[in-house]
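A.B. asks: If you scroll down you'll find the structure; I have some questions about it.
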Amino acid sequence: MDIVIISEASNESLHPVTAQMVGAASSLGGSICVICPGGFGSLEAAKITGVSKVISVEGDCFDSYDCMAWSGAIVPFIDGDIVLTSSSAIGREISSAIAAKKGFPVVQDITSLNDGISVTRSIFSGKAIEEVRVSLPCALSVRANTFQPADGGGSAEISTVNVSQEVSVAVKEALAKAGERLDVAEADIVISGGRGMGDPSNFSHLYEVADKIGAAVGASRAAVDTWGEIPHSMQVGQTGKTVTPSLYIAVGISGAIQHLAGMRSSKYILAINKDPEAPIFGVADYGIVATWEESIPALKEHLSAIMSD
Amino acid sequence: MGVAVLLKQVPDTTAKISITGSRVDESAIAKWSISPYDEYALESGIALKESGANELVAITCGPQRASKCLTEAAAVGADRLIHIVADADFMDSCTVQSILSSAIERSECEIVLCGKQAADTNSGSTGPGVASLLGFSCVGSVTEVSMDGGNISATRLGATGLEKIEVSGPCLFTFDKGEVELRRPNVRGIMMAKKKPIESISIEELGLEIGSPRASLQSHSSPPEKPPGQKFEGAGSIEIVVGKLRDEANVI
């Protein structure tokens, strides 16, 4: 079995999901070739154990993102039974475009990969799970933080190719910089606030807790819809982001079914709510019946004590 | 220039999903709606028509019940309604994309709008795949598209933040949820929409030969149930819980 992995870059270096894709591919056996679009992270990719070859695909078309230009530049170098990408927004677009150009079926955001080929993935934002059998060749995108990463210590050969590809999407203006803060979909700890926070300015207390423990701050749909100050990029749930952190802290969130769908697969859930009947307690590993006004200062204090141990 | 909007009918996001005999029980779903991100695509389609596009074509692929989302689109301003009737409970990406791209070619539209992913499958394959088959450009995760003469520009959420882009030639846009308020149909719109004809086309009539499926559904299942959690009263318990997060859960 030959597996081609399209690496994921983050700030021009390799995103950790790349080593996780190699980990997933290694379980199937066979050769693993990593393609680095724009050349980002190719040196790091060559050091992942199990990688037999790295192709650094470079050219002007990678200066800004154009789905068709990127996928068009990559397609000629794809020679394998399975093409893996990450299931980030760009990863999904690239896998889907490559699949359509090659005539492969594509299955997105898989959480397990087994011989056969059989994959599982969540549907309805986590309200159900589906198992799909896929014929080869195929394209698959992989959910971050669900596969064991392969170790470092490898030394694959890197070949560099220069490509030229017509670009039809031109970036004219940067309107707003992405937040300096961690994205909820990426973070290992997420603390989210709901309408129970009373006022959007009270989210500053959540940010203070987040800064202590390196967490991202999220929000419920009710909070995003009610307050313009809370952007949709923070929304966790069925029409927002699905998150699977190690720890999810829900503050003043009652737990509407759409919200539970987006966070119930978190490893541990701590819910703080003044209403003892709130549905959020049904999925919480640890539930505290209390107001946020009393709880957040105590949470800050005790987390600080632990972090400085 | 014509604008096509792709709409998918999905269980309403408030619906409870239950599993019977390793399949999602569709008969238990009380309400079906246009997939939320597709609603933003539809809203943008109406705005493009107001700024000079000459036709808005709404296209759906699905069983008979899916025609309802076309009537809803007509009620807010879609001019032509195309329903590709397909009853299969699971279609692989190759099948869906060839059906939709063939329907778009039939509509002769050169701007295509759809949601960035559907609320049931959560995949996001359709937009970029259809654009690839049609040879169109593709811009994902946009919140706004505008047309000024032949120039098309859009606001998208890129890797480094919100950016304004321009695109040349035929293009497919996938929509994220934006700031824009979705318009609701008025009574006159609803009455007119009921009379609007729907072009109902079978896969055979599109001239497509669907080969054997390249991906097939094995089973649906419910997410694993969690054991009941531990519950505490009052903010005084925070110290205990923080200790448990460290010692029991090992997450901080």
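By order of appearance in the structure tokens: chains A, B, ..., then residues from 1 within every chain, and ligands from 1 in the order shown.
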From a DSSP calculation on the backbone, collect every residue of segment 19-99 of chain B in strand (DSSP E or B) and output the set as a list in words.
C.D. replies: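 So the strand (DSSP E or B) residues in segment 19-99 of chain B would be Ile19, Thr20, Arg23, Val24, Trp32, Ser33, Ile34, Glu55, Leu56, Val57, Ala58, Ile59, Thr60, Cys61, Gly62, Arg80, Leu81, Ile82, His83, Ile84 and Val85 of chain B.
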A.B. asks: With segment 165-169 of chain A as the partner and 7 Å as the cut-off, tabulate the residues of segment 47-157 of chain A that qualify, each row holding the nearest pair of atoms and their distance in Å to one decimal, using only C-alpha atoms, sorted by chain and rising number, as JSON lines.
C.D. replies:
```
{"residue": "A:Cys61", "atom": "CA", "partner": "A:Gln165", "partner_atom": "CA", "distance": 5.9}
{"residue": "A:Asp66", "atom": "CA", "partner": "A:Val169", "partner_atom": "CA", "distance": 5.8}
{"residue": "A:Ala69", "atom": "CA", "partner": "A:Val167", "partner_atom": "CA", "distance": 5.6}
{"residue": "A:Ala73", "atom": "CA", "partner": "A:Gln165", "partner_atom": "CA", "distance": 6.2}
```
A.B. asks: Can I get the selected residues back with N, CA and C atoms, as a JSON list (two decimals), in the first residue's frame?
C.D. replies:
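Writing the result to part.json gives the following:
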```
[["chain", "number", "residue", "atom", "x", "y", "z"],
["A", 61, "CYS", "N", 2.67, 30.09, -6.71],
["A", 61, "CYS", "CA", 1.24, 29.87, -6.46],
["A", 61, "CYS", "C", 0.95, 29.60, -4.99],
["A", 66, "ASP", "N", -5.09, 29.52, -2.78],
["A", 66, "ASP", "CA", -6.08, 29.34, -3.84],
["A", 66, "ASP", "C", -6.26, 27.83, -3.99],
["A", 69, "ALA", "N", -5.44, 26.29, -7.41],
["A", 69, "ALA", "CA", -4.03, 26.39, -7.78],
["A", 69, "ALA", "C", -3.20, 25.40, -6.95],
["A", 73, "ALA", "N", -1.37, 22.10, -8.42],
["A", 73, "ALA", "CA", 0.09, 21.99, -8.37],
["A", 73, "ALA", "C", 0.53, 20.67, -7.72]]
```
A.B. asks: List the spatial neighbours of segment 145-154 of chain B as a ChimeraX atom specification - criterion: any atom at most 12 Å away, only C-alpha atoms, same-chain residues fewer than 5 positions off excluded.
C.D. replies: /A:168-175 /B:1-3,40-54,110-114,137-140,162-176,178,180
A.B. asks: Using only C-alpha atoms, which residue out of A:Gly198, A:Gly193, A:Gly126, A:Gly50 lies closest to chain B?
C.D. replies: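 So, comparing all the options, the nearest one is A:Gly126.
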A.B. asks: Pick the closest to Arg264 of chain A from A:Ile280, A:Val106, A:Met197, A:Ala215: which is it, counting only C-alpha atoms?
C.D. replies: A:Ile280
A.B. asks: Please tabulate, as JSON lines, the residues of chain B that come within 7 Å of chain A, each with its closest pair of atoms and the distance in Å to one decimal, counting only C-alpha atoms and ordering rows by chain, then residue number upward.
C.D. replies:
```
{"residue": "B:Thr13", "atom": "CA", "partner": "A:Gln258", "partner_atom": "CA", "distance": 6.5}
{"residue": "B:Thr14", "atom": "CA", "partner": "A:Gln258", "partner_atom": "CA", "distance": 6.5}
{"residue": "B:Ile17", "atom": "CA", "partner": "A:Lys127", "partner_atom": "CA", "distance": 6.4}
{"residue": "B:Asp92", "atom": "CA", "partner": "A:Pro105", "partner_atom": "CA", "distance": 6.7}
{"residue": "B:Ser93", "atom": "CA", "partner": "A:Pro105", "partner_atom": "CA", "distance": 5.6}
{"residue": "B:Cys94", "atom": "CA", "partner": "A:Pro105", "partner_atom": "CA", "distance": 5.6}
{"residue": "B:Ala119", "atom": "CA", "partner": "A:Phe124", "partner_atom": "CA", "distance": 6.0}
{"residue": "B:Asp120", "atom": "CA", "partner": "A:Phe124", "partner_atom": "CA", "distance": 4.6}
{"residue": "B:Thr121", "atom": "CA", "partner": "A:Ile123", "partner_atom": "CA", "distance": 5.0}
{"residue": "B:Asn122", "atom": "CA", "partner": "A:Ile123", "partner_atom": "CA", "distance": 6.1}
{"residue": "B:Ser123", "atom": "CA", "partner": "A:Gln108", "partner_atom": "CA", "distance": 5.4}
{"residue": "B:Gly124", "atom": "CA", "partner": "A:Arg92", "partner_atom": "CA", "distance": 6.7}
{"residue": "B:Ser125", "atom": "CA", "partner": "A:Ser96", "partner_atom": "CA", "distance": 5.2}
{"residue": "B:Pro128", "atom": "CA", "partner": "A:Ala97", "partner_atom": "CA", "distance": 5.3}
{"residue": "B:Gly129", "atom": "CA", "partner": "A:Ala97", "partner_atom": "CA", "distance": 5.0}
{"residue": "B:Ser132", "atom": "CA", "partner": "A:Ala97", "partner_atom": "CA", "distance": 5.7}
{"residue": "B:Leu133", "atom": "CA", "partner": "A:Ala100", "partner_atom": "CA", "distance": 6.3}
{"residue": "B:Ser137", "atom": "CA", "partner": "A:Met68", "partner_atom": "CA", "distance": 6.1}
{"residue": "B:Cys138", "atom": "CA", "partner": "A:Cys67", "partner_atom": "CA", "distance": 6.2}
{"residue": "B:Thr160", "atom": "CA", "partner": "A:Ala178", "partner_atom": "CA", "distance": 5.3}
{"residue": "B:Gly161", "atom": "CA", "partner": "A:Ala178", "partner_atom": "CA", "distance": 3.9}
{"residue": "B:Leu162", "atom": "CA", "partner": "A:Ala176", "partner_atom": "CA", "distance": 5.0}
{"residue": "B:Glu163", "atom": "CA", "partner": "A:Ala174", "partner_atom": "CA", "distance": 4.4}
{"residue": "B:Lys164", "atom": "CA", "partner": "A:Glu173", "partner_atom": "CA", "distance": 5.1}
{"residue": "B:Ile165", "atom": "CA", "partner": "A:Val171", "partner_atom": "CA", "distance": 4.3}
{"residue": "B:Glu166", "atom": "CA", "partner": "A:Ala170", "partner_atom": "CA", "distance": 5.2}
{"residue": "B:Val167", "atom": "CA", "partner": "A:Val169", "partner_atom": "CA", "distance": 4.6}
{"residue": "B:Ser168", "atom": "CA", "partner": "A:Ser168", "partner_atom": "CA", "distance": 5.7}
{"residue": "B:Arg214", "atom": "CA", "partner": "A:Ser135", "partner_atom": "CA", "distance": 5.3}
{"residue": "B:Ala215", "atom": "CA", "partner": "A:Val134", "partner_atom": "CA", "distance": 4.2}
{"residue": "B:Ser216", "atom": "CA", "partner": "A:Arg133", "partner_atom": "CA", "distance": 5.3}
{"residue": "B:Leu217", "atom": "CA", "partner": "A:Val132", "partner_atom": "CA", "distance": 4.6}
{"residue": "B:Gln218", "atom": "CA", "partner": "A:Glu131", "partner_atom": "CA", "distance": 5.3}
{"residue": "B:Ser219", "atom": "CA", "partner": "A:Glu131", "partner_atom": "CA", "distance": 5.3}
{"residue": "B:His220", "atom": "CA", "partner": "A:Glu130", "partner_atom": "CA", "distance": 4.5}
{"residue": "B:Ser221", "atom": "CA", "partner": "A:Ile129", "partner_atom": "CA", "distance": 5.2}
{"residue": "B:Ser222", "atom": "CA", "partner": "A:Ala128", "partner_atom": "CA", "distance": 4.8}
{"residue": "B:Pro223", "atom": "CA", "partner": "A:Ala128", "partner_atom": "CA", "distance": 5.6}
{"residue": "B:Lys226", "atom": "CA", "partner": "A:Val283", "partner_atom": "CA", "distance": 6.9}
{"residue": "B:Pro228", "atom": "CA", "partner": "A:Asp285", "partner_atom": "CA", "distance": 7.0}
{"residue": "B:Gly229", "atom": "CA", "partner": "A:Asp285", "partner_atom": "CA", "distance": 4.0}
{"residue": "B:Gln230", "atom": "CA", "partner": "A:Tyr286", "partner_atom": "CA", "distance": 5.0}
{"residue": "B:Lys231", "atom": "CA", "partner": "A:Gly287", "partner_atom": "CA", "distance": 4.5}
{"residue": "B:Phe232", "atom": "CA", "partner": "A:Ile288", "partner_atom": "CA", "distance": 4.8}
{"residue": "B:Glu233", "atom": "CA", "partner": "A:Val289", "partner_atom": "CA", "distance": 5.0}
{"residue": "B:Gly234", "atom": "CA", "partner": "A:Ala290", "partner_atom": "CA", "distance": 4.7}
{"residue": "B:Ala235", "atom": "CA", "partner": "A:Ser295", "partner_atom": "CA", "distance": 4.9}
{"residue": "B:Ile238", "atom": "CA", "partner": "A:Leu299", "partner_atom": "CA", "distance": 6.2}
{"residue": "B:Glu239", "atom": "CA", "partner": "A:His302", "partner_atom": "CA", "distance": 6.0}
{"residue": "B:Val242", "atom": "CA", "partner": "A:His302", "partner_atom": "CA", "distance": 6.8}
{"residue": "B:Val251", "atom": "CA", "partner": "A:Ser246", "partner_atom": "CA", "distance": 6.3}
```
A.B. asks: If you count only C-alpha atoms, which residues fall within 12 Å of Met191 of chain B, apart from same-chain ones fewer than 2 positions away, as a PDB file with C-alpha atoms, in the first residue's frame?
C.D. replies:
```pdb
ATOM      1  CA  THR B  71     -40.112  26.252  -2.256  1.00  0.00           C
ATOM      2  CA  GLU B  72     -38.596  28.001   0.770  1.00  0.00           C
ATOM      3  CA  ALA B  74     -38.530  30.620  -3.969  1.00  0.00           C
ATOM      4  CA  ALA B  75     -40.348  32.395  -1.145  1.00  0.00           C
ATOM      5  CA  VAL B  76     -37.306  34.626  -0.545  1.00  0.00           C
ATOM      6  CA  PRO B 185     -40.269  35.301   3.538  1.00  0.00           C
ATOM      7  CA  ASN B 186     -43.348  37.525   3.583  1.00  0.00           C
ATOM      8  CA  VAL B 187     -46.874  36.244   2.974  1.00  0.00           C
ATOM      9  CA  ARG B 188     -46.850  37.257  -0.679  1.00  0.00           C
ATOM     10  CA  GLY B 189     -43.533  35.465  -1.216  1.00  0.00           C
ATOM     11  CA  ALA B 193     -43.589  30.217  -4.105  1.00  0.00           C
ATOM     12  CA  LYS B 194     -46.369  27.638  -3.822  1.00  0.00           C
ATOM     13  CA  LYS B 195     -47.213  28.227  -7.478  1.00  0.00           C
ATOM     14  CA  LYS B 196     -43.615  28.200  -8.688  1.00  0.00           C
TER      15      LYS B 196
END
```
A.B. asks: Residues near Gln20 of chain A, anyone? I mean within 7 Å using only C-alpha atoms, not counting same-chain ones fewer than 3 positions away, as a list in words.
C.D. replies: Pro16, Val17, Gly23, Ala24, Phe147, Gln148, Pro149 and Ala150 of chain A
A.B. asks: Could the residues in this selection be saved with C-alpha atoms as an mmCIF file, in the first residue's frame?
C.D. replies:
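Output below, filename out_13.cif:
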```cif
data_model
loop_
_atom_site.group_PDB
_atom_site.id
_atom_site.type_symbol
_atom_site.label_atom_id
_atom_site.label_comp_id
_atom_site.auth_asym_id
_atom_site.auth_seq_id
_atom_site.Cartn_x
_atom_site.Cartn_y
_atom_site.Cartn_z
ATOM 1 C CA PRO A 16 1.665 18.443 14.727
ATOM 2 C CA VAL A 17 -1.213 16.769 12.842
ATOM 3 C CA GLY A 23 1.070 7.499 12.758
ATOM 4 C CA ALA A 24 -2.318 6.634 11.210
ATOM 5 C CA PHE A 147 -4.205 9.382 16.090
ATOM 6 C CA GLN A 148 -0.951 8.666 17.924
ATOM 7 C CA PRO A 149 1.827 10.720 16.310
ATOM 8 C CA ALA A 150 4.819 8.915 14.792
#
```
A.B. asks: Just to confirm, what's the straight-line distance from atom CA of Ser304 of chain A to atom CA of Val184 of chain A in Å (one decimal)?
C.D. replies: 21.7 Å
A.B. asks: Between B:Leu134, B:Met91, B:Ala118, B:Ala58, which has the minimum distance to Glu105 of chain B (counting only C-alpha atoms)?
C.D. replies: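 Result for the nearest residue to Glu105 of chain B: B:Leu134.
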A.B. asks: Can you pull out every residue within 7 Å of Gly255 of chain A, counting only C-alpha atoms, but drop anything in the same chain fewer than 3 positions away, and send it as a short mmCIF file (atom, residue, chain, number, x, y, z; two decimals) with N, CA and C atoms, in the first residue's frame?
C.D. replies:
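Heads up, here's the output in result20.cif:
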```
data_model
loop_
_atom_site.label_atom_id
_atom_site.label_comp_id
_atom_site.auth_asym_id
_atom_site.auth_seq_id
_atom_site.Cartn_x
_atom_site.Cartn_y
_atom_site.Cartn_z
N HIS A 259 -25.14 22.50 21.39
CA HIS A 259 -23.85 22.74 22.05
C HIS A 259 -23.24 21.42 22.50
N LEU A 260 -24.05 20.56 23.09
CA LEU A 260 -23.56 19.26 23.55
C LEU A 260 -22.95 18.48 22.39
N ALA A 278 -29.62 22.06 34.88
CA ALA A 278 -29.11 22.36 33.53
C ALA A 278 -28.64 21.07 32.84
N PRO A 279 -29.04 20.86 31.55
CA PRO A 279 -28.67 19.62 30.83
C PRO A 279 -27.15 19.42 30.72
N ILE A 280 -26.37 20.49 30.83
CA ILE A 280 -24.92 20.37 30.70
C ILE A 280 -24.36 19.40 31.75
#
```
A.B. asks: Identify which of the residues A:Ile74, A:Val142, A:Met234, A:Met263 lies closest to Ile55 of chain A, counting only C-alpha atoms when measuring atom-to-atom distances.
C.D. replies: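 Going through A:Ile74, A:Val142, A:Met234, A:Met263 one by one, the smallest distance to Ile55 of chain A is for A:Ile74.
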A.B. asks: Between atom CA of Ser164 of chain A and atom CA of Val75 of chain A, what is the distance, to one decimal in Å?
C.D. replies: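 For atom CA of Ser164 of chain A relative to atom CA of Val75 of chain A, the distance reads 12.8 Å.
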A.B. asks: Record the distance separating atom CA of Ser192 of chain A and atom CA of Val241 of chain B, expressed in Å with one decimal.
C.D. replies: 17.5 Å
A.B. asks: DSSP on the backbone, then: every residue of segment 15-227 of chain B marked helix (DSSP H, G or I), written as a ChimeraX atom specification.
C.D. replies: /B:26-28,36-50,64-75,93-107,126-134,187-195
